[in-house]
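Coordinates from input.cif are shown below (mmCIF, C-alpha atoms).
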data_model
loop_
_atom_site.label_atom_id
_atom_site.label_comp_id
_atom_site.auth_asym_id
_atom_site.auth_seq_id
_atom_site.Cartn_x
_atom_site.Cartn_y
_atom_site.Cartn_z
CA MET U 1 101.71 77.42 101.97
CA GLY U 2 99.00 80.02 102.35
CA ARG U 3 99.13 82.97 104.68
CA GLU U 4 99.93 81.05 107.85
CA PRO U 5 103.35 81.57 109.50
CA LEU U 6 106.07 79.21 108.36
CA HIS U 7 107.75 77.55 111.35
CA ILE U 8 111.34 76.56 110.58
CA SER U 9 114.10 75.70 113.03
CA PRO U 10 117.09 78.06 112.70
CA GLY U 11 119.36 75.11 113.49
CA TRP U 12 117.93 73.16 110.57
CA LEU U 13 118.61 76.11 108.24
CA VAL U 14 122.16 76.75 109.42
CA SER U 15 123.32 73.14 109.76
CA GLY U 16 122.47 72.27 106.16
CA GLU U 17 123.33 75.67 104.68
CA ARG U 18 119.69 75.87 103.58
CA ARG U 19 117.68 78.93 102.68
CA VAL U 20 114.04 79.87 102.39
CA LEU U 21 113.07 81.85 99.32
CA GLY U 22 109.84 83.28 98.08
CA VAL U 23 108.76 85.22 95.09
CA MET U 24 105.62 87.12 94.26
CA THR U 25 105.05 86.97 90.54
CA GLY U 26 101.48 88.12 90.40
CA THR U 27 98.18 86.46 89.69
CA PRO U 28 97.62 83.89 86.93
CA ARG U 29 95.76 86.61 84.98
CA GLN U 30 98.73 88.97 85.27
CA SER U 31 101.04 86.22 84.03
CA GLU U 32 98.76 85.68 81.05
CA GLN U 33 98.76 89.41 80.29
CA LEU U 34 102.55 89.52 80.51
CA LEU U 35 102.87 86.60 78.08
CA ASP U 36 100.40 88.23 75.69
CA TYR U 37 102.39 91.47 75.83
CA SER U 38 105.67 89.67 75.16
CA VAL U 39 104.17 88.04 72.06
CA LEU U 40 102.73 91.32 70.77
CA THR U 41 106.03 93.17 71.25
CA ASN U 42 108.24 90.28 70.10
CA ILE U 43 110.12 90.01 73.39
CA PRO U 44 111.70 86.54 73.61
CA PRO U 45 112.04 84.73 76.95
CA ALA U 46 115.47 84.64 78.60
CA ILE U 47 115.93 80.87 78.86
CA GLN U 48 118.58 78.28 78.28
CA THR U 49 117.34 74.86 77.20
CA TRP U 50 118.91 71.61 78.29
CA PRO U 51 118.11 68.07 77.15
CA LEU U 52 116.53 66.03 79.90
CA ASP U 53 119.51 63.68 80.04
CA GLN U 54 121.69 66.67 81.09
CA ALA U 55 119.43 67.71 83.97
CA ALA U 56 122.14 67.07 86.56
CA LEU U 57 124.59 69.32 84.71
CA ALA U 58 121.99 72.06 84.32
CA TYR U 59 121.17 71.85 88.02
CA GLU U 60 124.86 72.00 88.97
CA ARG U 61 125.40 75.09 86.82
CA LEU U 62 122.27 76.69 88.26
CA ARG U 63 123.48 76.08 91.82
CA ASN U 64 126.93 77.47 90.94
CA GLY U 65 125.44 80.66 89.52
CA GLN U 66 126.49 79.85 85.95
CA ILE U 67 122.95 80.30 84.60
CA GLY U 68 121.70 83.85 84.88
CA TYR U 69 118.12 83.20 83.85
CA ARG U 70 115.84 80.17 83.55
CA ALA U 71 117.07 76.71 82.71
CA VAL U 72 114.39 74.73 80.85
CA LEU U 73 114.63 70.97 80.51
CA THR U 74 113.38 69.53 77.23
CA SER U 75 112.69 66.00 76.08
CA ILE U 76 113.75 66.89 72.54
CA ARG U 77 117.43 67.22 71.71
CA ALA U 78 118.23 70.39 69.78
CA GLY U 79 119.85 69.76 66.44
#

Same coordinates, now as structure tokens:
Amino acid sequence: MGREPLHISPGWLVSGERRVLGVMTGTPRQSEQLLDYSVLTNIPPAIQTWPLDQAALAYERLRNGQIGYRAVLTSIRAG
């Protein structure tokens, strides 16, 4: 998107109950440092894994607020 203004019609947002979200997570270098720190201090990620064939269910639960962290789709079934 860059630094240019984002032009969005308010009617488009309201009529479809849409929302615009953004997040600033830092630079790629800062992300790398954070991951390095989590490994050094043994801090596990807060994720919930889902097999790829259950992507629709994971998405539904995410939209309904039933997943409080990251949902990660995997191609390998846990077992």

Starting from the PyMOL selection byres ((chain U and resi 70) around 6), expand the selection into actual residues of this file and give them as a short mmCIF file (atom, residue, chain, number, x, y, z; two decimals) with C-alpha atoms, keeping the file's coordinate frame.
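Listed below is the output, selection_26.cif:
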data_model
loop_
_atom_site.label_atom_id
_atom_site.label_comp_id
_atom_site.auth_asym_id
_atom_site.auth_seq_id
_atom_site.Cartn_x
_atom_site.Cartn_y
_atom_site.Cartn_z
CA ILE U 47 115.93 80.87 78.86
CA TYR U 69 118.12 83.20 83.85
CA ALA U 71 117.07 76.71 82.71
#

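Each of U:Leu40, U:Leu57, U:Leu13, U:Leu52 was compared to Val72 (chain U) using only C-alpha atoms, and U:Leu52 turns out to be the nearest.
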
request  = Could you tell me how far CA of Gly68 (chain U) lies from CA of Arg29 (chain U), in Å and to one decimal?
outcome  =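 CA of Gly68 (chain U) sits 26.1 Å away from CA of Arg29 (chain U).
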
Box dimensions and centre (Å, one decimal) enclosing region 50-68 of chain U, axis-aligned, 3 Å extra per side, as JSON:
{"center_x": 121.7, "center_y": 73.8, "center_z": 84.5, "size_x": 16.4, "size_y": 26.2, "size_z": 20.7}

ask   = Written as a PyMOL selection string, which residues does the PyMOL selection byres ((chain U and resi 53) around 12) give for the file shown?
value = chain U and resi 49-52+54-59+73-77

query = At what distance in Å, to one decimal, does CA of Ser9 (chain U) lie from CA of Asn64 (chain U)?
reply =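 These atoms are spaced 25.6 Å apart.
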
Your completed region 5-23 of chain U with N, CA and C atoms, as a JSON list (two decimals), in the coordinates of the input:
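Written file, part11.json:
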[["chain", "number", "residue", "atom", "x", "y", "z"],
["U", 5, "PRO", "N", 101.91, 81.48, 109.24],
["U", 5, "PRO", "CA", 103.35, 81.57, 109.50],
["U", 5, "PRO", "C", 104.04, 80.24, 109.17],
["U", 6, "LEU", "N", 105.25, 80.37, 108.69],
["U", 6, "LEU", "CA", 106.07, 79.21, 108.36],
["U", 6, "LEU", "C", 107.03, 78.98, 109.52],
["U", 7, "HIS", "N", 106.91, 77.85, 110.20],
["U", 7, "HIS", "CA", 107.75, 77.55, 111.35],
["U", 7, "HIS", "C", 108.92, 76.68, 110.91],
["U", 8, "ILE", "N", 110.13, 77.25, 111.00],
["U", 8, "ILE", "CA", 111.34, 76.56, 110.58],
["U", 8, "ILE", "C", 112.38, 76.74, 111.68],
["U", 9, "SER", "N", 113.06, 75.66, 112.02],
["U", 9, "SER", "CA", 114.10, 75.70, 113.03],
["U", 9, "SER", "C", 115.35, 76.39, 112.47],
["U", 10, "PRO", "N", 115.86, 77.42, 113.16],
["U", 10, "PRO", "CA", 117.09, 78.06, 112.70],
["U", 10, "PRO", "C", 118.25, 77.07, 112.61],
["U", 11, "GLY", "N", 118.31, 76.11, 113.53],
["U", 11, "GLY", "CA", 119.36, 75.11, 113.49],
["U", 11, "GLY", "C", 119.31, 74.28, 112.23],
["U", 12, "TRP", "N", 118.10, 73.93, 111.80],
["U", 12, "TRP", "CA", 117.93, 73.16, 110.57],
["U", 12, "TRP", "C", 118.44, 73.96, 109.37],
["U", 13, "LEU", "N", 118.15, 75.27, 109.35],
["U", 13, "LEU", "CA", 118.61, 76.11, 108.24],
["U", 13, "LEU", "C", 120.13, 76.21, 108.20],
["U", 14, "VAL", "N", 120.72, 76.52, 109.35],
["U", 14, "VAL", "CA", 122.16, 76.75, 109.42],
["U", 14, "VAL", "C", 122.96, 75.47, 109.22],
["U", 15, "SER", "N", 122.53, 74.38, 109.82],
["U", 15, "SER", "CA", 123.32, 73.14, 109.76],
["U", 15, "SER", "C", 123.43, 72.57, 108.35],
["U", 16, "GLY", "N", 122.43, 72.79, 107.52],
["U", 16, "GLY", "CA", 122.47, 72.27, 106.16],
["U", 16, "GLY", "C", 122.74, 73.34, 105.13],
["U", 17, "GLU", "N", 123.13, 74.54, 105.57],
["U", 17, "GLU", "CA", 123.33, 75.67, 104.68],
["U", 17, "GLU", "C", 122.13, 75.82, 103.75],
["U", 18, "ARG", "N", 120.94, 75.76, 104.33],
["U", 18, "ARG", "CA", 119.69, 75.87, 103.58],
["U", 18, "ARG", "C", 119.22, 77.32, 103.57],
["U", 19, "ARG", "N", 118.27, 77.60, 102.71],
["U", 19, "ARG", "CA", 117.68, 78.93, 102.68],
["U", 19, "ARG", "C", 116.21, 78.81, 102.30],
["U", 20, "VAL", "N", 115.46, 79.79, 102.71],
["U", 20, "VAL", "CA", 114.04, 79.87, 102.39],
["U", 20, "VAL", "C", 113.87, 81.05, 101.45],
["U", 21, "LEU", "N", 113.27, 80.81, 100.32],
["U", 21, "LEU", "CA", 113.07, 81.85, 99.32],
["U", 21, "LEU", "C", 111.60, 81.95, 98.97],
["U", 22, "GLY", "N", 111.20, 83.09, 98.56],
["U", 22, "GLY", "CA", 109.84, 83.28, 98.08],
["U", 22, "GLY", "C", 109.84, 84.33, 96.99],
["U", 23, "VAL", "N", 108.87, 84.25, 96.16],
["U", 23, "VAL", "CA", 108.76, 85.22, 95.09],
["U", 23, "VAL", "C", 107.28, 85.50, 94.83]]
